[in-house]
Structures are given as structure tokens and as C-alpha cells.
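To be precise, the following lines are data11.cif, and they hold mmCIF, C-alpha atoms.
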data_structure
loop_
_atom_site.group_PDB
_atom_site.id
_atom_site.type_symbol
_atom_site.label_atom_id
_atom_site.label_comp_id
_atom_site.auth_asym_id
_atom_site.auth_seq_id
_atom_site.Cartn_x
_atom_site.Cartn_y
_atom_site.Cartn_z
ATOM 1 C CA MET U 1 -33.344 -34.705 23.919
ATOM 2 C CA LYS U 2 -32.483 -31.949 21.385
ATOM 3 C CA SER U 3 -31.036 -29.751 24.144
ATOM 4 C CA ASN U 4 -28.759 -32.619 25.277
ATOM 5 C CA VAL U 5 -27.367 -32.908 21.709
ATOM 6 C CA ILE U 6 -26.748 -29.155 21.524
ATOM 7 C CA TRP U 7 -25.174 -29.199 24.989
ATOM 8 C CA GLY U 8 -22.959 -32.131 23.946
ATOM 9 C CA LYS U 9 -21.812 -30.293 20.778
ATOM 10 C CA ARG U 10 -20.982 -27.184 22.801
ATOM 11 C CA THR U 11 -18.966 -29.259 25.255
ATOM 12 C CA LEU U 12 -17.130 -30.937 22.375
ATOM 13 C CA VAL U 13 -16.299 -27.556 20.774
ATOM 14 C CA LEU U 14 -15.126 -26.197 24.138
ATOM 15 C CA ALA U 15 -12.951 -29.271 24.734
ATOM 16 C CA ALA U 16 -11.439 -28.978 21.243
ATOM 17 C CA GLY U 17 -10.673 -25.296 21.887
ATOM 18 C CA MET U 18 -8.976 -26.126 25.187
ATOM 19 C CA LEU U 19 -6.929 -28.851 23.467
ATOM 20 C CA CYS U 20 -5.785 -26.372 20.782
ATOM 21 C CA LEU U 21 -4.865 -23.854 23.466
ATOM 22 C CA ALA U 22 -2.862 -26.472 25.372
ATOM 23 C CA PHE U 23 -1.087 -27.540 22.146
ATOM 24 C CA THR U 24 -0.221 -23.936 21.329
ATOM 25 C CA ALA U 25 1.153 -23.318 24.814
ATOM 26 C CA SER U 26 3.291 -26.466 24.753
ATOM 27 C CA THR U 27 4.765 -25.846 21.294
ATOM 28 C CA SER U 28 5.398 -22.148 21.789
ATOM 29 C CA ALA U 29 7.423 -22.949 24.903
ATOM 30 C CA GLN U 30 9.837 -24.897 22.633
ATOM 31 C CA VAL U 31 10.822 -21.781 20.652
ATOM 32 C CA GLN U 32 13.364 -19.397 22.162
ATOM 33 C CA SER U 33 13.893 -15.932 20.677
ATOM 34 C CA THR U 34 16.874 -13.633 21.033
ATOM 35 C CA THR U 35 16.839 -10.094 19.637
ATOM 36 C CA THR U 36 19.954 -7.949 19.278
ATOM 37 C CA LYS U 37 20.337 -4.389 18.070
ATOM 38 C CA THR U 38 23.579 -3.091 16.578
ATOM 39 C CA VAL U 39 23.980 0.665 16.260
ATOM 40 C CA GLY U 40 26.224 1.902 13.472
ATOM 41 C CA VAL U 41 28.285 5.052 13.098
ATOM 42 C CA PRO U 42 26.136 8.190 12.754
ATOM 43 C CA THR U 43 26.467 10.145 9.519
ATOM 44 C CA ARG U 44 25.805 13.845 9.152
ATOM 45 C CA GLU U 45 24.608 15.629 6.023
ATOM 46 C CA VAL U 46 24.666 19.418 5.756
ATOM 47 C CA LYS U 47 22.593 21.100 3.045
ATOM 48 C CA ILE U 48 23.074 24.822 2.385
ATOM 49 C CA GLU U 49 20.362 26.734 0.492
ATOM 50 C CA SER U 50 20.456 30.415 -0.388
ATOM 51 C CA GLY U 51 18.083 32.829 -1.989
ATOM 52 C CA GLU U 52 16.653 36.320 -2.141
ATOM 53 C CA VAL U 53 13.331 37.473 -0.708
ATOM 54 C CA VAL U 54 10.878 38.228 -3.550
ATOM 55 C CA ALA U 55 7.751 38.965 -1.490
ATOM 56 C CA VAL U 56 5.932 38.385 1.786
ATOM 57 C CA ALA U 57 2.145 37.886 1.597
ATOM 58 C CA GLY U 58 0.558 37.288 4.982
ATOM 59 C CA ASN U 59 2.639 34.495 6.487
ATOM 60 C CA ASN U 60 3.823 33.186 3.107
ATOM 61 C CA LEU U 61 7.410 33.858 2.088
ATOM 62 C CA PHE U 62 8.441 33.819 -1.596
ATOM 63 C CA VAL U 63 12.163 33.332 -2.233
ATOM 64 C CA LYS U 64 14.119 33.243 -5.498
ATOM 65 C CA MET U 65 16.587 30.398 -4.952
ATOM 66 C CA ALA U 66 20.200 30.339 -6.166
ATOM 67 C CA ASP U 67 19.213 27.967 -9.007
ATOM 68 C CA GLY U 68 16.707 30.552 -10.355
ATOM 69 C CA THR U 69 13.509 28.859 -9.158
ATOM 70 C CA THR U 70 11.014 30.668 -6.938
ATOM 71 C CA ARG U 71 9.822 28.803 -3.832
ATOM 72 C CA ASP U 72 6.824 29.472 -1.636
ATOM 73 C CA PHE U 73 7.313 28.843 2.092
ATOM 74 C CA PRO U 74 3.685 28.845 3.321
ATOM 75 C CA ASP U 75 2.356 29.505 6.825
ATOM 76 C CA ILE U 76 5.565 30.726 8.483
ATOM 77 C CA PRO U 77 4.820 30.968 12.247
ATOM 78 C CA GLU U 78 4.865 34.440 13.818
ATOM 79 C CA ASN U 79 7.570 33.346 16.287
ATOM 80 C CA ALA U 80 9.959 32.055 13.555
ATOM 81 C CA LYS U 81 13.093 34.191 13.250
ATOM 82 C CA VAL U 82 15.908 34.534 10.724
ATOM 83 C CA THR U 83 19.187 36.351 11.161
ATOM 84 C CA VAL U 84 19.818 39.109 8.615
ATOM 85 C CA ASP U 85 22.905 41.315 9.092
ATOM 86 C CA GLY U 86 23.151 40.181 12.725
ATOM 87 C CA GLN U 87 19.507 41.022 13.563
ATOM 88 C CA GLN U 88 16.737 38.538 14.401
ATOM 89 C CA LEU U 89 13.804 39.272 12.086
ATOM 90 C CA GLY U 90 10.291 37.816 11.913
ATOM 91 C CA ILE U 91 8.339 37.080 8.744
ATOM 92 C CA HIS U 92 6.808 40.594 8.511
ATOM 93 C CA ALA U 93 10.183 42.354 8.826
ATOM 94 C CA LEU U 94 11.560 40.659 5.690
ATOM 95 C CA LYS U 95 11.751 42.888 2.606
ATOM 96 C CA PRO U 96 12.283 42.104 -1.086
ATOM 97 C CA GLY U 97 15.981 41.943 -1.970
ATOM 98 C CA MET U 98 17.134 40.583 1.422
ATOM 99 C CA LYS U 99 19.532 37.640 1.090
ATOM 100 C CA LEU U 100 18.761 34.476 3.079
ATOM 101 C CA VAL U 101 20.896 31.410 3.762
ATOM 102 C CA ARG U 102 19.556 28.242 5.379
ATOM 103 C CA ALA U 103 21.630 25.324 6.650
ATOM 104 C CA THR U 104 19.843 22.021 7.225
ATOM 105 C CA VAL U 105 21.740 19.375 9.200
ATOM 106 C CA THR U 106 20.464 15.794 9.054
ATOM 107 C CA THR U 107 22.010 13.150 11.312
ATOM 108 C CA SER U 108 21.305 9.468 10.592
ATOM 109 C CA THR U 109 22.237 6.569 12.852
ATOM 110 C CA PRO U 110 21.852 3.158 11.193
ATOM 111 C CA GLN U 111 20.512 0.309 13.306
ATOM 112 C CA VAL U 112 20.384 -3.408 12.522
ATOM 113 C CA VAL U 113 17.863 -5.438 14.513
ATOM 114 C CA THR U 114 18.356 -9.218 14.354
ATOM 115 C CA THR U 115 15.959 -11.764 15.831
ATOM 116 C CA VAL U 116 17.089 -15.385 16.105
ATOM 117 C CA GLN U 117 14.576 -18.089 16.997
ATOM 118 C CA THR U 118 15.959 -21.397 18.254
ATOM 119 C CA VAL U 119 13.846 -24.554 18.034
ATOM 120 C CA THR U 120 14.998 -27.886 19.462
ATOM 121 C CA GLY U 121 13.709 -31.012 17.714
ATOM 122 C CA LYS U 122 14.224 -33.692 15.054
ATOM 123 C CA VAL U 123 13.415 -33.175 11.392
ATOM 124 C CA TRP U 124 10.197 -35.073 10.665
ATOM 125 C CA GLN U 125 9.429 -33.850 7.144
ATOM 126 C CA VAL U 126 10.831 -31.367 4.629
ATOM 127 C CA THR U 127 8.808 -29.857 1.786
ATOM 128 C CA PRO U 128 11.350 -27.852 -0.214
ATOM 129 C CA PRO U 129 11.918 -25.001 -0.458
ATOM 130 C CA LEU U 130 9.657 -23.389 2.155
ATOM 131 C CA VAL U 131 8.382 -25.833 4.816
ATOM 132 C CA LEU U 132 10.096 -27.886 7.523
ATOM 133 C CA ILE U 133 8.241 -29.959 10.144
ATOM 134 C CA LEU U 134 10.049 -30.830 13.375
ATOM 135 C CA THR U 135 9.202 -33.297 16.118
ATOM 136 C CA LEU U 136 9.804 -31.319 19.305
ATOM 137 C CA GLU U 137 11.238 -32.667 22.556
ATOM 138 C CA ASN U 138 7.697 -33.146 23.916
ATOM 139 C CA GLY U 139 6.722 -35.356 20.944
ATOM 140 C CA GLN U 140 4.557 -32.741 19.203
ATOM 141 C CA ASN U 141 5.127 -31.805 15.557
ATOM 142 C CA GLN U 142 5.587 -28.162 14.630
ATOM 143 C CA GLY U 143 5.791 -26.721 11.124
ATOM 144 C CA LEU U 144 8.232 -23.932 10.309
ATOM 145 C CA ARG U 145 8.014 -21.808 7.168
ATOM 146 C CA PHE U 146 10.820 -19.901 5.460
ATOM 147 C CA GLN U 147 10.222 -16.260 4.623
ATOM 148 C CA THR U 148 10.126 -15.476 0.915
ATOM 149 C CA ASP U 149 13.682 -14.066 0.945
ATOM 150 C CA ARG U 150 14.881 -17.401 2.397
ATOM 151 C CA SER U 151 17.380 -15.628 4.627
ATOM 152 C CA SER U 152 15.574 -16.520 7.839
ATOM 153 C CA TRP U 153 12.751 -18.650 9.221
#
Starting from the file, give its structure as C-alpha cells.
Amino acid sequence: MKSNVIWGKRTLVLAAGMLCLAFTASTSAQVQSTTTKTVGVPTREVKIESGEVVAVAGNNLFVKMADGTTRDFPDIPENAKVTVDGQQLGIHALKPGMKLVRATVTTSTPQVVTTVQTVTGKVWQVTPPLVLILTLENGQNQGLRFQTDRSSW
């Protein structure tokens, strides 16, 4: 008898799970999403830095910058090259007193991604300011919640 009760409870739990799954499938079919991406005009920033070689220790380069600070550029790869007086030089060919100039170009392209979700139904209940419950076309109720910035659902 005890096994029949346990079996009955398992069947009831399984049936409830199937019902929830069916409800989820029917309500999610009511929501339509559209996502658009707008690409803006790219901007370009050029940063010029200059300095003088102070020392090379192993693969670390020490440079006195134009503003008077000394910077450590650690672990410079062996294959990295700089142009000094028209010659390509590696880290170990740099000598104190050599002048270096580095140009860094950063390009940024802004993108705005907008997602719009459309739900068809009648307003059943409103709990200001964050919750709205709709009765969908299939008769089911679905709650919608505003995001905290209140600019979208």
C-alpha cells in the first residue's frame, strides 16, 4: 500500500511538471522579440609618447618620459623592433640616450543594441510601478516586470 502512495505522489509531481512545461511553452510563444544593432561613426584617438632610453636590463626597458617620469617596460619580446634613425633595432641594441617616440592609435566604433519584446493581450492587473499582468490571447495570465531603470520591460 505504501508503494502505491509513493507511486501516486511521483505521478502527481510528474504531471504538475508537465503542466508547468506546457504553460511555459504556451506563454512564451506569445512574446515576440526583435533585436536591432545600430553602428555609429568610428572615432580615432592618436596618442604620442616620447622619451629617452635610460637603461636596458635583460628584456626590461627603462625610459625617461617627456614629463620627467621614468617608466619600466617589462618583458619586451626578442622579436619586437623599434625604428631609430631609420634602422630597425631590437631590445638589446638600444643604448642609453637614444630618443624614442611611440604613437598609439585607438579606433572606437559605438554600437547600440536594442531589443523590443511585443506581447499581445489585455491588461488584467497593474501593481505600480513595476508589475503588469496581462491576459494573453490564449486566456493565460502572464506577469511582466519593469527593469529598475523603467526604460524598458
Would you mind reading off the distance between CA of Ala55 in chain U and CA of Thr106 in chain U, one decimal, in Å? 28.5 Å
Here's the selection I'm unsure about, the PyMOL selection byres ((chain U and resi 74) around 9); applied to the file above, which residues does it give, as an mmCIF file with C-alpha atoms, in the coordinates of the input?
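The new file expr.cif reads:
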data_model
loop_
_atom_site.group_PDB
_atom_site.id
_atom_site.type_symbol
_atom_site.label_atom_id
_atom_site.label_comp_id
_atom_site.auth_asym_id
_atom_site.auth_seq_id
_atom_site.Cartn_x
_atom_site.Cartn_y
_atom_site.Cartn_z
ATOM 1 C CA ASN U 59 2.639 34.495 6.487
ATOM 2 C CA ASN U 60 3.823 33.186 3.107
ATOM 3 C CA LEU U 61 7.410 33.858 2.088
ATOM 4 C CA PHE U 62 8.441 33.819 -1.596
ATOM 5 C CA ASP U 72 6.824 29.472 -1.636
ATOM 6 C CA PHE U 73 7.313 28.843 2.092
ATOM 7 C CA ASP U 75 2.356 29.505 6.825
ATOM 8 C CA ILE U 76 5.565 30.726 8.483
#
Can you check which parts of range 108-145 of chain U lie within 7 Å of range 32-49 of chain U? Per residue, the shortest pair of atoms and distance in Å to one decimal, counting all atoms listed in the file, sorted by chain and number, as a Markdown table.
| residue | atom | partner | partner_atom | distance |
| --- | --- | --- | --- | --- |
| U:Ser108 | CA | U:Thr43 | CA | 5.3 |
| U:Thr109 | CA | U:Pro42 | CA | 4.2 |
| U:Pro110 | CA | U:Gly40 | CA | 5.1 |
| U:Gln111 | CA | U:Val39 | CA | 4.6 |
| U:Val112 | CA | U:Thr38 | CA | 5.2 |
| U:Val113 | CA | U:Lys37 | CA | 4.5 |
| U:Thr114 | CA | U:Thr36 | CA | 5.3 |
| U:Thr115 | CA | U:Thr35 | CA | 4.2 |
| U:Val116 | CA | U:Thr34 | CA | 5.2 |
| U:Gln117 | CA | U:Ser33 | CA | 4.3 |
| U:Thr118 | CA | U:Gln32 | CA | 5.1 |
| U:Val119 | CA | U:Gln32 | CA | 6.6 |
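Checking U:Val82, U:Met98, U:Val31, U:Ile91 one by one against Lys64 in chain U, counting all atoms listed in the file, you find the shortest gap at U:Met98.
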If the PyMOL selection byres ((chain U and resi 122) around 7) were run on this exact file, what residues would it hold? Put them as a ChimeraX atom specification. /U:121,123-124,134-136
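Atom pair CA of Pro96 in chain U / CA of Glu52 in chain U has a distance of 7.3 Å (rounded to one decimal).
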So what do you get for CA of Thr120 in chain U versus CA of Leu132 in chain U, distance-wise?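 We find that CA of Thr120 in chain U and CA of Leu132 in chain U lie 12.9 Å from each other.
The smallest atom-to-atom distance between Val56 in chain U and any of U:Gln142, U:Val126, U:Ile133, U:Leu94, using all atoms listed in the file, is found for U:Leu94.
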When the PyMOL selection byres ((chain U and resi 81) around 12) is applied to the structure above, which residues does it catch, written out as a PyMOL selection string? chain U and resi 76-80+82-84+86-94+100+102
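Considering all atoms listed in the file, the residue among U:Leu144, U:Ala57, U:Leu130, U:Ala66 positioned nearest to Lys99 in chain U is U:Ala66.
Nearest to Phe146 in chain U of all the residues U:Thr69, U:Gly58, U:Lys95, U:Pro129 is U:Pro129, counting only C-alpha atoms.
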